[in-house]
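Engineer: Sending over input.cif (mmCIF, C-alpha atoms).
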data_protein
#
loop_
_atom_site.label_atom_id
_atom_site.label_comp_id
_atom_site.auth_asym_id
_atom_site.auth_seq_id
_atom_site.Cartn_x
_atom_site.Cartn_y
_atom_site.Cartn_z
CA MET A 1 -20.34 12.93 -0.33
CA GLU A 2 -19.65 11.41 -3.71
CA LYS A 3 -17.46 8.33 -3.71
CA ASP A 4 -15.17 6.85 -6.33
CA ASN A 5 -13.20 3.68 -5.76
CA ASN A 6 -10.94 4.15 -8.79
CA ILE A 7 -9.18 7.38 -7.94
CA ILE A 8 -5.57 6.32 -7.82
CA ASN A 9 -3.03 5.69 -10.54
CA ASP A 10 0.59 5.56 -9.33
CA ILE A 11 2.73 7.53 -6.83
CA THR A 12 4.05 7.65 -3.23
CA ILE A 13 3.16 9.64 -0.11
CA THR A 14 4.72 12.70 1.52
CA ASN A 15 3.33 15.24 3.97
CA SER A 16 2.01 18.51 2.58
CA ASN A 17 -0.04 21.50 3.66
CA ILE A 18 -2.88 23.13 1.78
CA ASN A 19 -1.48 26.18 0.03
CA SER A 20 -3.07 29.44 -1.04
CA THR A 21 -5.44 29.67 -3.99
CA LYS A 22 -3.19 31.93 -6.06
CA SER A 23 -2.46 30.51 -9.50
CA ASN A 24 0.88 28.74 -9.92
CA ILE A 25 0.68 28.60 -13.72
CA LYS A 26 3.39 30.60 -15.49
CA ILE A 27 3.69 30.98 -19.24
CA GLU A 28 6.26 33.14 -20.95
CA ASP A 29 5.32 35.24 -24.01
CA ASN A 30 7.41 33.01 -26.27
CA ASP A 31 5.58 29.96 -24.96
CA ILE A 32 2.20 31.54 -25.73
CA ASN A 33 3.22 32.23 -29.31
CA ASN A 34 4.12 28.57 -29.78
CA ASN A 35 0.99 27.15 -28.16
CA THR A 36 -2.05 25.80 -29.94
CA ASN A 37 -5.34 27.67 -29.88
CA LEU A 38 -6.50 25.46 -27.01
CA ASP A 39 -3.38 26.24 -25.05
CA ARG A 40 -3.86 29.96 -25.68
CA GLU A 41 -7.53 29.80 -24.65
CA ALA A 42 -6.61 27.95 -21.47
CA PHE A 43 -3.98 30.53 -20.62
CA LEU A 44 -6.48 33.37 -21.01
CA LEU A 45 -8.95 31.53 -18.77
CA THR A 46 -6.33 31.27 -16.03
CA ARG A 47 -5.74 35.01 -16.28
CA LYS A 48 -9.46 35.64 -15.87
CA ALA A 49 -9.49 33.31 -12.86
CA GLU A 50 -6.62 35.24 -11.27
CA ASN A 51 -8.53 38.49 -11.78
CA LYS A 52 -11.53 36.98 -10.01
CA LEU A 53 -9.34 36.05 -7.05
CA ASN A 54 -7.60 39.43 -6.96
CA PRO A 55 -10.27 42.15 -7.38
CA GLY A 56 -7.67 44.90 -7.30
CA CYS A 57 -6.54 43.68 -10.72
CA CYS A 58 -10.00 44.11 -12.25
CA LEU A 59 -12.51 46.81 -11.27
CA ASP A 60 -15.43 44.71 -12.50
CA THR A 61 -14.97 42.35 -9.55
CA LEU A 62 -14.75 44.95 -6.78
CA PHE A 63 -18.46 44.84 -5.98
CA THR A 64 -18.92 41.06 -6.33
CA SER A 65 -19.14 38.89 -3.23
CA LYS A 66 -16.06 36.88 -2.32
CA SER A 67 -17.85 33.54 -2.57
CA LYS A 68 -19.21 34.38 -6.04
CA ARG A 69 -15.76 35.46 -7.21
CA TYR A 70 -14.26 32.24 -5.90
CA GLU A 71 -16.94 30.12 -7.57
CA ASP A 72 -16.36 31.92 -10.86
CA ALA A 73 -12.60 31.48 -10.53
CA CYS A 74 -13.03 27.77 -9.85
CA ASN A 75 -15.16 27.36 -12.98
CA LEU A 76 -12.59 29.25 -15.05
CA TYR A 77 -9.70 27.14 -13.72
CA GLN A 78 -11.70 23.97 -14.41
CA LYS A 79 -12.36 25.03 -18.01
CA ALA A 80 -8.70 25.90 -18.44
CA GLY A 81 -7.68 22.54 -17.01
CA ASP A 82 -10.01 20.73 -19.40
CA LYS A 83 -8.49 22.56 -22.36
CA TYR A 84 -4.95 21.83 -21.23
CA LYS A 85 -5.86 18.15 -20.95
CA MET A 86 -7.16 18.18 -24.50
CA CYS A 87 -3.77 19.31 -25.79
CA ASN A 88 -1.82 17.01 -23.41
CA GLN A 89 -0.44 19.85 -21.30
CA TRP A 90 -0.64 17.67 -18.19
CA ARG A 91 1.37 19.80 -15.80
CA LYS A 92 -0.63 22.95 -16.61
CA ALA A 93 -3.90 21.04 -16.37
CA ALA A 94 -2.88 19.65 -12.99
CA ASP A 95 -2.04 23.12 -11.70
CA CYS A 96 -5.49 24.35 -12.74
CA TYR A 97 -7.28 21.52 -10.96
CA ASP A 98 -5.05 21.98 -7.93
CA ASN A 99 -6.16 25.61 -7.76
CA CYS A 100 -9.78 24.43 -7.98
CA SER A 101 -9.30 22.15 -4.99
CA LYS A 102 -7.82 25.00 -2.95
CA ILE A 103 -10.77 27.22 -3.81
CA LYS A 104 -13.21 24.48 -2.80
CA ILE A 105 -11.45 24.17 0.56
CA ASN A 106 -11.78 27.95 1.09
CA LEU A 107 -15.47 27.71 0.22
CA LYS A 108 -15.81 24.77 2.64
CA GLU A 109 -16.96 22.55 -0.21
CA ASN A 110 -15.94 19.05 -1.31
CA PRO A 111 -12.58 19.20 -3.21
CA LEU A 112 -12.28 15.47 -3.99
CA LYS A 113 -13.19 15.77 -7.66
CA PHE A 114 -10.33 18.18 -8.23
CA TYR A 115 -7.89 16.22 -6.08
CA GLN A 116 -8.60 13.28 -8.37
CA GLU A 117 -8.10 15.33 -11.52
CA SER A 118 -4.90 17.01 -10.36
CA PHE A 119 -3.47 13.72 -9.09
CA PHE A 120 -4.14 12.06 -12.43
CA CYS A 121 -2.61 14.92 -14.42
CA TYR A 122 0.47 15.29 -12.20
CA SER A 123 1.01 11.55 -12.59
CA LYS A 124 0.72 11.82 -16.37
CA ALA A 125 3.27 14.66 -16.24
CA ASP A 126 5.64 12.50 -14.16
CA SER A 127 5.59 15.16 -11.45
CA ASP A 128 6.13 12.87 -8.47
CA ASN A 129 6.53 15.53 -5.80
CA ASN A 130 3.30 17.33 -6.70
CA SER A 131 1.26 14.17 -7.07
CA LYS A 132 2.50 13.04 -3.66
CA LYS A 133 1.31 16.29 -2.14
CA VAL A 134 -2.11 16.02 -3.77
CA PHE A 135 -2.49 12.41 -2.66
CA GLU A 136 -1.64 13.33 0.91
CA LYS A 137 -4.15 16.20 0.85
CA MET A 138 -6.79 13.82 -0.39
CA ASN A 139 -6.05 11.41 2.46
CA GLN A 140 -6.15 14.26 4.97
CA TYR A 141 -9.51 15.44 3.70
CA LEU A 142 -11.05 11.95 3.67
CA GLU A 143 -9.73 11.26 7.17
CA LYS A 144 -11.16 14.55 8.43
CA GLU A 145 -14.54 13.66 6.93
CA GLY A 146 -14.47 10.15 8.42
CA GLU A 147 -14.33 8.55 4.96
CA TYR A 148 -11.86 5.88 6.10
CA TYR A 149 -13.04 3.23 3.65
CA GLN A 150 -12.48 5.51 0.66
CA ALA A 151 -9.04 6.53 1.95
CA GLY A 152 -8.22 2.85 2.37
CA LYS A 153 -9.35 2.06 -1.17
CA ASN A 154 -7.22 4.90 -2.56
CA ASN A 155 -4.12 3.53 -0.84
CA GLU A 156 -4.90 -0.06 -1.79
CA ASN A 157 -5.30 0.89 -5.46
CA LEU A 158 -2.03 2.78 -5.36
CA GLY A 159 -0.35 -0.19 -3.69
CA ILE A 160 -1.55 -2.42 -6.53
CA LYS A 161 -0.17 0.03 -9.09
CA ASN A 162 3.23 0.12 -7.41
CA GLU A 163 3.33 -3.66 -7.04
CA ASN A 164 2.51 -4.10 -10.73
CA ASN A 165 5.34 -1.67 -11.52
CA GLU A 166 7.70 -3.70 -9.28
CA LYS A 167 8.03 -0.87 -6.76
CA TYR A 168 7.62 -3.26 -3.87
CA ASN A 169 8.78 -1.10 -0.97
CA GLU A 170 6.39 1.65 -2.01
CA ALA A 171 3.60 -0.90 -2.44
CA ILE A 172 4.19 -2.03 1.16
CA ILE A 173 3.82 1.58 2.34
CA TYR A 174 0.46 1.97 0.61
CA TYR A 175 -0.86 -1.41 1.72
CA SER A 176 0.11 -0.47 5.28
CA GLN A 177 -1.76 2.84 4.93
CA ALA A 178 -4.76 1.01 3.52
CA PHE A 179 -4.73 -1.39 6.49
CA LYS A 180 -4.68 1.57 8.87
CA TYR A 181 -7.72 3.15 7.24
CA TYR A 182 -9.67 -0.13 7.05
CA GLU A 183 -8.92 -0.65 10.71
CA MET A 184 -10.19 2.86 11.49
CA ASP A 185 -13.32 2.12 9.46
CA GLY A 186 -13.94 -1.02 11.52
CA LYS A 187 -16.29 -2.64 9.00
CA HIS A 188 -14.10 -4.63 6.64
CA GLU A 189 -12.19 -7.41 8.38
CA SER A 190 -11.57 -9.21 5.08
CA LEU A 191 -9.95 -6.09 3.57
CA LYS A 192 -7.72 -5.74 6.63
CA ASN A 193 -6.64 -9.36 6.26
CA ASN A 194 -5.98 -8.93 2.56
CA MET A 195 -3.70 -5.98 3.26
CA GLN A 196 -1.78 -7.91 5.92
CA ILE A 197 -1.38 -10.82 3.52
CA LYS A 198 -0.01 -8.53 0.81
CA ILE A 199 2.39 -6.83 3.23
CA ALA A 200 3.71 -10.12 4.62
CA GLU A 201 4.11 -11.67 1.17
CA LEU A 202 5.99 -8.71 -0.29
CA MET A 203 8.19 -8.34 2.78
CA MET A 204 9.17 -12.00 2.78
CA ILE A 205 9.56 -12.54 -0.95
CA TYR A 206 11.55 -9.35 -1.58
CA ASN A 207 13.61 -9.39 1.63
CA HIS A 208 12.27 -6.22 3.23
CA PRO A 209 14.47 -5.15 6.18
CA ASP A 210 11.46 -5.23 8.55
CA ALA A 211 10.44 -8.74 7.52
CA PRO A 212 12.09 -10.62 10.44
CA LEU A 213 10.17 -8.54 12.98
CA LYS A 214 6.85 -8.25 11.18
CA VAL A 215 6.14 -11.21 8.92
CA PRO A 216 5.52 -13.92 11.57
CA GLY A 217 3.30 -11.54 13.55
CA LEU A 218 1.29 -10.56 10.47
CA MET A 219 0.61 -14.21 9.63
CA GLU A 220 -0.38 -14.85 13.24
CA ASN A 221 -2.80 -11.89 13.18
CA ILE A 222 -4.48 -13.21 10.05
CA GLY A 223 -4.79 -16.69 11.56
CA ASN A 224 -6.38 -15.25 14.71
CA SER A 225 -8.84 -13.24 12.60
CA TYR A 226 -9.78 -16.28 10.52
CA LEU A 227 -10.25 -18.35 13.64
CA LYS A 228 -12.98 -15.96 14.84
CA ASN A 229 -14.90 -16.24 11.58
CA SER A 230 -17.08 -19.32 11.13
CA LEU A 231 -16.57 -19.22 7.35
CA ASN A 232 -12.79 -18.91 7.47
CA LYS A 233 -11.80 -20.69 10.68
CA TYR A 234 -10.64 -23.83 8.86
CA SER A 235 -8.10 -21.74 6.96
CA ALA A 236 -6.63 -20.31 10.17
CA LYS A 237 -4.22 -23.24 10.51
CA ASP A 238 -2.66 -22.41 7.15
CA PHE A 239 -1.67 -18.96 8.40
CA PHE A 240 -0.49 -20.35 11.73
CA GLY A 241 1.71 -22.71 9.73
CA LYS A 242 3.07 -19.83 7.67
CA ALA A 243 3.79 -17.93 10.87
CA ILE A 244 5.77 -20.89 12.25
CA LEU A 245 7.75 -21.45 9.05
CA SER A 246 8.54 -17.73 8.92
CA LYS A 247 9.67 -17.83 12.53
CA ILE A 248 11.99 -20.74 11.76
CA TYR A 249 13.49 -18.85 8.84
CA TYR A 250 13.98 -15.53 10.60
CA ASP A 251 14.81 -16.77 14.11
CA ASP A 252 17.68 -19.07 15.09
CA ASN A 253 16.24 -20.10 18.46
CA PRO A 254 14.58 -23.58 18.32
CA SER A 255 12.82 -23.02 21.64
CA GLU A 256 11.01 -20.04 20.10
CA TRP A 257 9.90 -22.20 17.17
CA LYS A 258 8.42 -24.77 19.56
CA ASN A 259 6.75 -22.07 21.63
CA TYR A 260 5.08 -20.85 18.46
CA ILE A 261 3.84 -24.35 17.60
CA ASN A 262 2.48 -24.93 21.10
CA LYS A 263 0.84 -21.51 21.09
CA PHE A 264 -1.17 -22.32 17.98
CA LYS A 265 -2.01 -25.82 19.24
CA ASN A 266 -3.68 -24.15 22.21
CA LEU A 267 -5.48 -21.57 20.06
CA ASP A 268 -6.80 -24.01 17.47
CA LYS A 269 -7.64 -27.49 18.67
CA THR A 270 -7.70 -28.80 15.10
CA PHE A 271 -4.24 -27.45 14.26
CA GLU A 272 -2.48 -30.59 15.54
CA GLU A 273 -4.48 -32.70 13.08
CA SER A 274 -3.37 -30.76 10.00
CA THR A 275 -0.66 -31.54 7.46
CA ILE A 276 0.82 -28.06 7.96
CA TYR A 277 1.32 -28.88 11.66
CA ASN A 278 3.16 -32.08 10.78
CA LEU A 279 5.29 -30.20 8.29
CA CYS A 280 6.26 -27.57 10.86
CA CYS A 281 7.31 -30.26 13.36
CA GLU A 282 9.40 -32.00 10.71
CA VAL A 283 11.05 -28.71 9.71
CA VAL A 284 11.97 -28.04 13.35
CA THR A 285 13.51 -31.52 13.64
CA SER A 286 15.39 -31.07 10.36
CA PHE A 287 16.98 -27.85 11.58
CA GLU A 288 17.80 -29.27 14.99
CA ASN A 289 19.66 -32.12 13.30
CA ASN A 290 20.92 -29.99 10.43
CA ASP A 291 19.42 -32.58 8.10
CA VAL A 292 19.09 -31.11 4.61
CA TYR A 293 17.71 -34.32 3.12
CA LYS A 294 14.93 -34.63 5.71
CA LEU A 295 13.86 -31.01 5.16
CA LYS A 296 13.69 -31.37 1.39
CA ASN A 297 11.86 -34.68 1.67
CA SER A 298 9.31 -33.22 4.10
CA ILE A 299 8.65 -30.30 1.77
CA LYS A 300 8.35 -32.64 -1.22
CA ASN A 301 5.82 -34.85 0.59
CA TYR A 302 3.80 -31.83 1.69
CA LYS A 303 3.65 -30.39 -1.84
CA GLU A 304 2.43 -33.72 -3.23
CA ILE A 305 -0.81 -33.57 -1.21
CA ASN A 306 -1.31 -29.82 -0.73
CA GLU A 307 -1.68 -26.83 -2.99
CA VAL A 308 1.01 -24.26 -2.31
CA ASP A 309 0.82 -20.54 -3.02
CA GLU A 310 3.65 -18.19 -3.93
CA TYR A 311 4.36 -17.47 -0.27
CA MET A 312 4.85 -21.15 0.54
CA ILE A 313 7.01 -21.71 -2.53
CA ASN A 314 9.27 -18.86 -1.48
CA ILE A 315 9.46 -19.77 2.22
CA PHE A 316 10.34 -23.36 1.26
CA HIS A 317 13.13 -22.08 -0.96
CA LYS A 318 14.44 -19.79 1.79
CA LEU A 319 14.35 -22.57 4.38
CA GLU A 320 16.30 -24.87 2.06
CA GLU A 321 18.87 -22.13 1.49
CA LYS A 322 19.19 -21.55 5.22
CA ILE A 323 19.71 -25.20 6.19
CA THR A 324 22.13 -25.74 3.30
CA LYS A 325 24.15 -22.74 4.45
CA ASN A 326 24.13 -24.04 8.03
CA ASN A 327 25.22 -27.45 6.82
CA ASN A 328 28.12 -26.01 4.85
CA ILE A 329 29.23 -23.96 7.85
CA GLU A 330 29.25 -27.04 10.08
CA LYS A 331 31.22 -29.02 7.51
CA SER A 332 33.78 -26.25 7.12
CA ASN A 333 34.21 -26.16 10.90
CA GLY A 334 34.74 -29.93 10.98
CA LYS A 335 32.06 -30.39 13.61
CA GLU A 336 29.51 -33.13 14.02
CA PHE A 337 26.40 -32.69 16.09
CA ASN A 338 24.11 -35.26 17.63
CA PHE A 339 20.83 -33.70 18.76
CA GLU A 340 18.25 -35.52 20.77
CA GLU A 341 14.81 -34.90 19.36
CA GLU A 342 12.55 -33.33 21.97
CA ASP A 343 8.81 -33.83 22.12
CA LEU A 344 6.78 -30.71 21.60
CA LYS A 345 5.04 -29.81 24.77
#
Is it possible to express this structure as structure tokens?

Structural biologist:
Amino acid sequence: MEKDNNIINDITITNSNINSTKSNIKIEDNDINNNTNLDREAFLLTRKAENKLNPGCCLDTLFTSKSKRYEDACNLYQKAGDKYKMCNQWRKAADCYDNCSKIKINLKENPLKFYQESFFCYSKADSDNNSKKVFEKMNQYLEKEGEYYQAGKNNENLGIKNENNEKYNEAIIYYSQAFKYYEMDGKHESLKNNMQIKIAELMMIYNHPDAPLKVPGLMENIGNSYLKNSLNKYSAKDFFGKAILSKIYYDDNPSEWKNYINKFKNLDKTFEESTIYNLCCEVVTSFENNDVYKLKNSIKNYKEINEVDEYMINIFHKLEEKITKNNNIEKSNGKEFNFEEEDLK
């Protein structure tokens, strides 16, 4: 099976079924009169393709085998689609290629080339619903054929497109689909981790409603994966630290924060020696004592000796917002609290 890692442009997913091979291209007489020669030629090719698929409409095809008629129809639709593309008739071109893919399915042949073409053209025509259907059919076919890596790449590429277009919720959907396919493929641990990183980052930074439940667990999963890899194990502590800081932000139960810290201390014997571990302990203490100054000072000291990525910059900002809000609430209630600092066990 031919493979192509650059199939996807931009769109979202919906469920769809493979339809019949009958042409869905309709052109009124007035439209034909206004079309260019290419448009007119393409239209005539689609009519010939329909005649191949419906022998009752053309006596010349009555004594031709079904497979031969279907192959001829596919070639005619492809030629028509190419001509429509040349005159920027994207919707009509997409319909032609879509018909080609349906014919290939009926012939039990590989339809991927025409899925790619129709997806591209529907996207150019801003026909979201149709491009969603084609994309889903492509995923279904790849999954059926066991081509999980290619399906994952398609979804990853589409996730990147949506992220670049600031469609973050849709990007999360595609990255999640990509993770699923890479997991099914079972050969690309680094790609799985990359998808989990993207999902967690987008959820946290753009306040996805599922972030409180998923982000800490995603960071923990990545840390566990890194810990098992001799090349990446020293980076595991960074993701454990991100998991803890996320837990502190999303959860208001200090005992859960400490359980998280102790859990990672037991998993990674070097975690306790890291600067991210010290930071997490200081953040816990800051929140227990509602000490805004201590939190900001701890973050400042950490940033002076460590490189911080966009995730860390954003989680620091969110933690500062949270403790400042807590501090203002306590002041408005006229309460003073004296917490005893507990040792982490």

Engineer: Within 12 Å of Ala178 (chain A), counting all atoms listed in the file, which residues qualify if same-chain residues fewer than 3 places away don't, as an mmCIF file with C-alpha atoms, in the coordinates of the input?

Structural biologist:
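For reference, part_2.cif as written:
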data_model
loop_
_atom_site.group_PDB
_atom_site.id
_atom_site.type_symbol
_atom_site.label_atom_id
_atom_site.label_comp_id
_atom_site.auth_asym_id
_atom_site.auth_seq_id
_atom_site.Cartn_x
_atom_site.Cartn_y
_atom_site.Cartn_z
ATOM 1 C CA ASN A 139 -6.050 11.410 2.460
ATOM 2 C CA GLU A 143 -9.730 11.260 7.170
ATOM 3 C CA TYR A 148 -11.860 5.880 6.100
ATOM 4 C CA TYR A 149 -13.040 3.230 3.650
ATOM 5 C CA GLN A 150 -12.480 5.510 0.660
ATOM 6 C CA ALA A 151 -9.040 6.530 1.950
ATOM 7 C CA GLY A 152 -8.220 2.850 2.370
ATOM 8 C CA LYS A 153 -9.350 2.060 -1.170
ATOM 9 C CA ASN A 154 -7.220 4.900 -2.560
ATOM 10 C CA ASN A 155 -4.120 3.530 -0.840
ATOM 11 C CA GLU A 156 -4.900 -0.060 -1.790
ATOM 12 C CA ASN A 157 -5.300 0.890 -5.460
ATOM 13 C CA LEU A 158 -2.030 2.780 -5.360
ATOM 14 C CA GLY A 159 -0.350 -0.190 -3.690
ATOM 15 C CA ILE A 160 -1.550 -2.420 -6.530
ATOM 16 C CA ALA A 171 3.600 -0.900 -2.440
ATOM 17 C CA ILE A 172 4.190 -2.030 1.160
ATOM 18 C CA ILE A 173 3.820 1.580 2.340
ATOM 19 C CA TYR A 174 0.460 1.970 0.610
ATOM 20 C CA TYR A 175 -0.860 -1.410 1.720
ATOM 21 C CA TYR A 181 -7.720 3.150 7.240
ATOM 22 C CA TYR A 182 -9.670 -0.130 7.050
ATOM 23 C CA GLU A 183 -8.920 -0.650 10.710
ATOM 24 C CA MET A 184 -10.190 2.860 11.490
ATOM 25 C CA ASP A 185 -13.320 2.120 9.460
ATOM 26 C CA HIS A 188 -14.100 -4.630 6.640
ATOM 27 C CA LEU A 191 -9.950 -6.090 3.570
ATOM 28 C CA LYS A 192 -7.720 -5.740 6.630
ATOM 29 C CA ASN A 193 -6.640 -9.360 6.260
ATOM 30 C CA ASN A 194 -5.980 -8.930 2.560
ATOM 31 C CA MET A 195 -3.700 -5.980 3.260
ATOM 32 C CA GLN A 196 -1.780 -7.910 5.920
ATOM 33 C CA LYS A 198 -0.010 -8.530 0.810
ATOM 34 C CA ILE A 199 2.390 -6.830 3.230
#

Engineer: How many Å lie between CA of Leu231 (chain A) and CA of Cys280 (chain A), rounded to one decimal?

Structural biologist: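 Computing the Euclidean distance for CA of Leu231 (chain A) and CA of Cys280 (chain A) yields 24.6 Å.
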
Engineer: Using all atoms listed in the file for the distances, tell me which of A:Asn99, A:Asn88, A:Asn37, A:Ser190 is nearest to Leu53 (chain A).

Structural biologist: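 Answer, going by the shortest atom-to-atom distance: A:Asn99.
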
Engineer: What's the separation between CA of Thr36 (chain A) and CA of Glu50 (chain A), in Å to one decimal place?

Structural biologist: 21.4 Å

Engineer: Region 66-83 of chain A: which residues within 10 Å, counting only C-alpha atoms, same-chain residues fewer than 6 positions away excluded, as a PyMOL selection string?

Structural biologist: chain A and resi 21+23+37-55+89-104+106-107+114+117-118+121

Engineer: With C-alpha atoms retained, write the just-selected residues as a compact mmCIF listing (two decimals), in the coordinates of the input.

Structural biologist:
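Result saved to again17.txt:
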# COMPACT_ATOMS: atom_id res chain seq x y z
CA THR A 21 -5.44 29.67 -3.99
CA SER A 23 -2.46 30.51 -9.50
CA ASN A 37 -5.34 27.67 -29.88
CA LEU A 38 -6.50 25.46 -27.01
CA ASP A 39 -3.38 26.24 -25.05
CA ARG A 40 -3.86 29.96 -25.68
CA GLU A 41 -7.53 29.80 -24.65
CA ALA A 42 -6.61 27.95 -21.47
CA PHE A 43 -3.98 30.53 -20.62
CA LEU A 44 -6.48 33.37 -21.01
CA LEU A 45 -8.95 31.53 -18.77
CA THR A 46 -6.33 31.27 -16.03
CA ARG A 47 -5.74 35.01 -16.28
CA LYS A 48 -9.46 35.64 -15.87
CA ALA A 49 -9.49 33.31 -12.86
CA GLU A 50 -6.62 35.24 -11.27
CA ASN A 51 -8.53 38.49 -11.78
CA LYS A 52 -11.53 36.98 -10.01
CA LEU A 53 -9.34 36.05 -7.05
CA ASN A 54 -7.60 39.43 -6.96
CA PRO A 55 -10.27 42.15 -7.38
CA GLN A 89 -0.44 19.85 -21.30
CA TRP A 90 -0.64 17.67 -18.19
CA ARG A 91 1.37 19.80 -15.80
CA LYS A 92 -0.63 22.95 -16.61
CA ALA A 93 -3.90 21.04 -16.37
CA ALA A 94 -2.88 19.65 -12.99
CA ASP A 95 -2.04 23.12 -11.70
CA CYS A 96 -5.49 24.35 -12.74
CA TYR A 97 -7.28 21.52 -10.96
CA ASP A 98 -5.05 21.98 -7.93
CA ASN A 99 -6.16 25.61 -7.76
CA CYS A 100 -9.78 24.43 -7.98
CA SER A 101 -9.30 22.15 -4.99
CA LYS A 102 -7.82 25.00 -2.95
CA ILE A 103 -10.77 27.22 -3.81
CA LYS A 104 -13.21 24.48 -2.80
CA ASN A 106 -11.78 27.95 1.09
CA LEU A 107 -15.47 27.71 0.22
CA PHE A 114 -10.33 18.18 -8.23
CA GLU A 117 -8.10 15.33 -11.52
CA SER A 118 -4.90 17.01 -10.36
CA CYS A 121 -2.61 14.92 -14.42

Engineer: What separation in Å, quoted to one decimal, exists between CA of Lys161 (chain A) and CA of Ser131 (chain A)?

Structural biologist: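 If I compute the distance from CA of Lys161 (chain A) to CA of Ser131 (chain A), I get 14.4 Å.
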
Engineer: Check the smallest atom-to-atom distance from each of A:Asp128, A:Glu288, A:Asp238, A:Glu307 to Asn253 (chain A) using only C-alpha atoms, then report the winner.

Structural biologist: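 Comparing A:Asp128, A:Glu288, A:Asp238, A:Glu307 against Asn253 (chain A), the winner is A:Glu288.
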
Engineer: Please enumerate the residues selected by the PyMOL selection byres ((chain A and resi 206) around 12) when evaluated against the supplied file, formatted as a list in words.

Structural biologist: Glu163, Glu166, Lys167, Tyr168, Asn169, Ala171, Ile172, Lys198, Ile199, Ala200, Glu201, Leu202, Met203, Met204, Ile205, Asn207, His208, Pro209, Asp210, Ala211, Val215, Tyr311, Asn314, Ile315 and Lys318 of chain A

Engineer: Can you translate the PyMOL selection byres ((chain A and resi 251) around 12) into the concrete residues it hits in this file, as a ChimeraX atom specification?

Structural biologist: /A:211-213,215-216,243-250,252-258,260,284,287,319,322

Engineer: Reconstruct N, CA and C atoms of region 144-160 of chain A from the incomplete input and present them as a PDB file, in the frame of the given file.

Structural biologist:
ATOM      1  N   LYS A 144     -10.422  13.511   7.702  1.00  0.00           N
ATOM      2  CA  LYS A 144     -11.160  14.550   8.430  1.00  0.00           C
ATOM      3  C   LYS A 144     -12.666  14.329   8.330  1.00  0.00           C
ATOM      4  N   GLU A 145     -13.119  13.881   7.163  1.00  0.00           N
ATOM      5  CA  GLU A 145     -14.540  13.660   6.930  1.00  0.00           C
ATOM      6  C   GLU A 145     -15.010  12.283   7.411  1.00  0.00           C
ATOM      7  N   GLY A 146     -14.104  11.486   7.945  1.00  0.00           N
ATOM      8  CA  GLY A 146     -14.470  10.150   8.420  1.00  0.00           C
ATOM      9  C   GLY A 146     -14.671   9.143   7.302  1.00  0.00           C
ATOM     10  N   GLU A 147     -14.185   9.445   6.113  1.00  0.00           N
ATOM     11  CA  GLU A 147     -14.330   8.550   4.960  1.00  0.00           C
ATOM     12  C   GLU A 147     -13.133   7.592   4.914  1.00  0.00           C
ATOM     13  N   TYR A 148     -13.026   6.748   5.960  1.00  0.00           N
ATOM     14  CA  TYR A 148     -11.860   5.880   6.100  1.00  0.00           C
ATOM     15  C   TYR A 148     -11.834   4.790   5.027  1.00  0.00           C
ATOM     16  N   TYR A 149     -13.003   4.272   4.677  1.00  0.00           N
ATOM     17  CA  TYR A 149     -13.040   3.230   3.650  1.00  0.00           C
ATOM     18  C   TYR A 149     -12.504   3.746   2.331  1.00  0.00           C
ATOM     19  N   GLN A 150     -12.946   4.945   1.929  1.00  0.00           N
ATOM     20  CA  GLN A 150     -12.480   5.510   0.660  1.00  0.00           C
ATOM     21  C   GLN A 150     -10.983   5.784   0.688  1.00  0.00           C
ATOM     22  N   ALA A 151     -10.485   6.294   1.816  1.00  0.00           N
ATOM     23  CA  ALA A 151      -9.040   6.530   1.950  1.00  0.00           C
ATOM     24  C   ALA A 151      -8.283   5.211   1.848  1.00  0.00           C
ATOM     25  N   GLY A 152      -8.844   4.163   2.459  1.00  0.00           N
ATOM     26  CA  GLY A 152      -8.220   2.850   2.370  1.00  0.00           C
ATOM     27  C   GLY A 152      -8.174   2.333   0.943  1.00  0.00           C
ATOM     28  N   LYS A 153      -9.295   2.515   0.223  1.00  0.00           N
ATOM     29  CA  LYS A 153      -9.350   2.060  -1.170  1.00  0.00           C
ATOM     30  C   LYS A 153      -8.334   2.805  -2.034  1.00  0.00           C
ATOM     31  N   ASN A 154      -8.206   4.119  -1.807  1.00  0.00           N
ATOM     32  CA  ASN A 154      -7.220   4.900  -2.560  1.00  0.00           C
ATOM     33  C   ASN A 154      -5.820   4.320  -2.379  1.00  0.00           C
ATOM     34  N   ASN A 155      -5.455   4.049  -1.125  1.00  0.00           N
ATOM     35  CA  ASN A 155      -4.120   3.530  -0.840  1.00  0.00           C
ATOM     36  C   ASN A 155      -3.945   2.110  -1.356  1.00  0.00           C
ATOM     37  N   GLU A 156      -4.991   1.300  -1.263  1.00  0.00           N
ATOM     38  CA  GLU A 156      -4.900  -0.060  -1.790  1.00  0.00           C
ATOM     39  C   GLU A 156      -4.685  -0.038  -3.303  1.00  0.00           C
ATOM     40  N   ASN A 157      -5.457   0.790  -4.005  1.00  0.00           N
ATOM     41  CA  ASN A 157      -5.300   0.890  -5.460  1.00  0.00           C
ATOM     42  C   ASN A 157      -3.902   1.350  -5.851  1.00  0.00           C
ATOM     43  N   LEU A 158      -3.376   2.292  -5.068  1.00  0.00           N
ATOM     44  CA  LEU A 158      -2.030   2.780  -5.360  1.00  0.00           C
ATOM     45  C   LEU A 158      -0.983   1.721  -5.034  1.00  0.00           C
ATOM     46  N   GLY A 159      -1.238   0.927  -3.991  1.00  0.00           N
ATOM     47  CA  GLY A 159      -0.350  -0.190  -3.690  1.00  0.00           C
ATOM     48  C   GLY A 159      -0.305  -1.194  -4.824  1.00  0.00           C
ATOM     49  N   ILE A 160      -1.478  -1.490  -5.400  1.00  0.00           N
ATOM     50  CA  ILE A 160      -1.550  -2.420  -6.530  1.00  0.00           C
ATOM     51  C   ILE A 160      -0.748  -1.884  -7.713  1.00  0.00           C
TER      52      ILE A 160
END
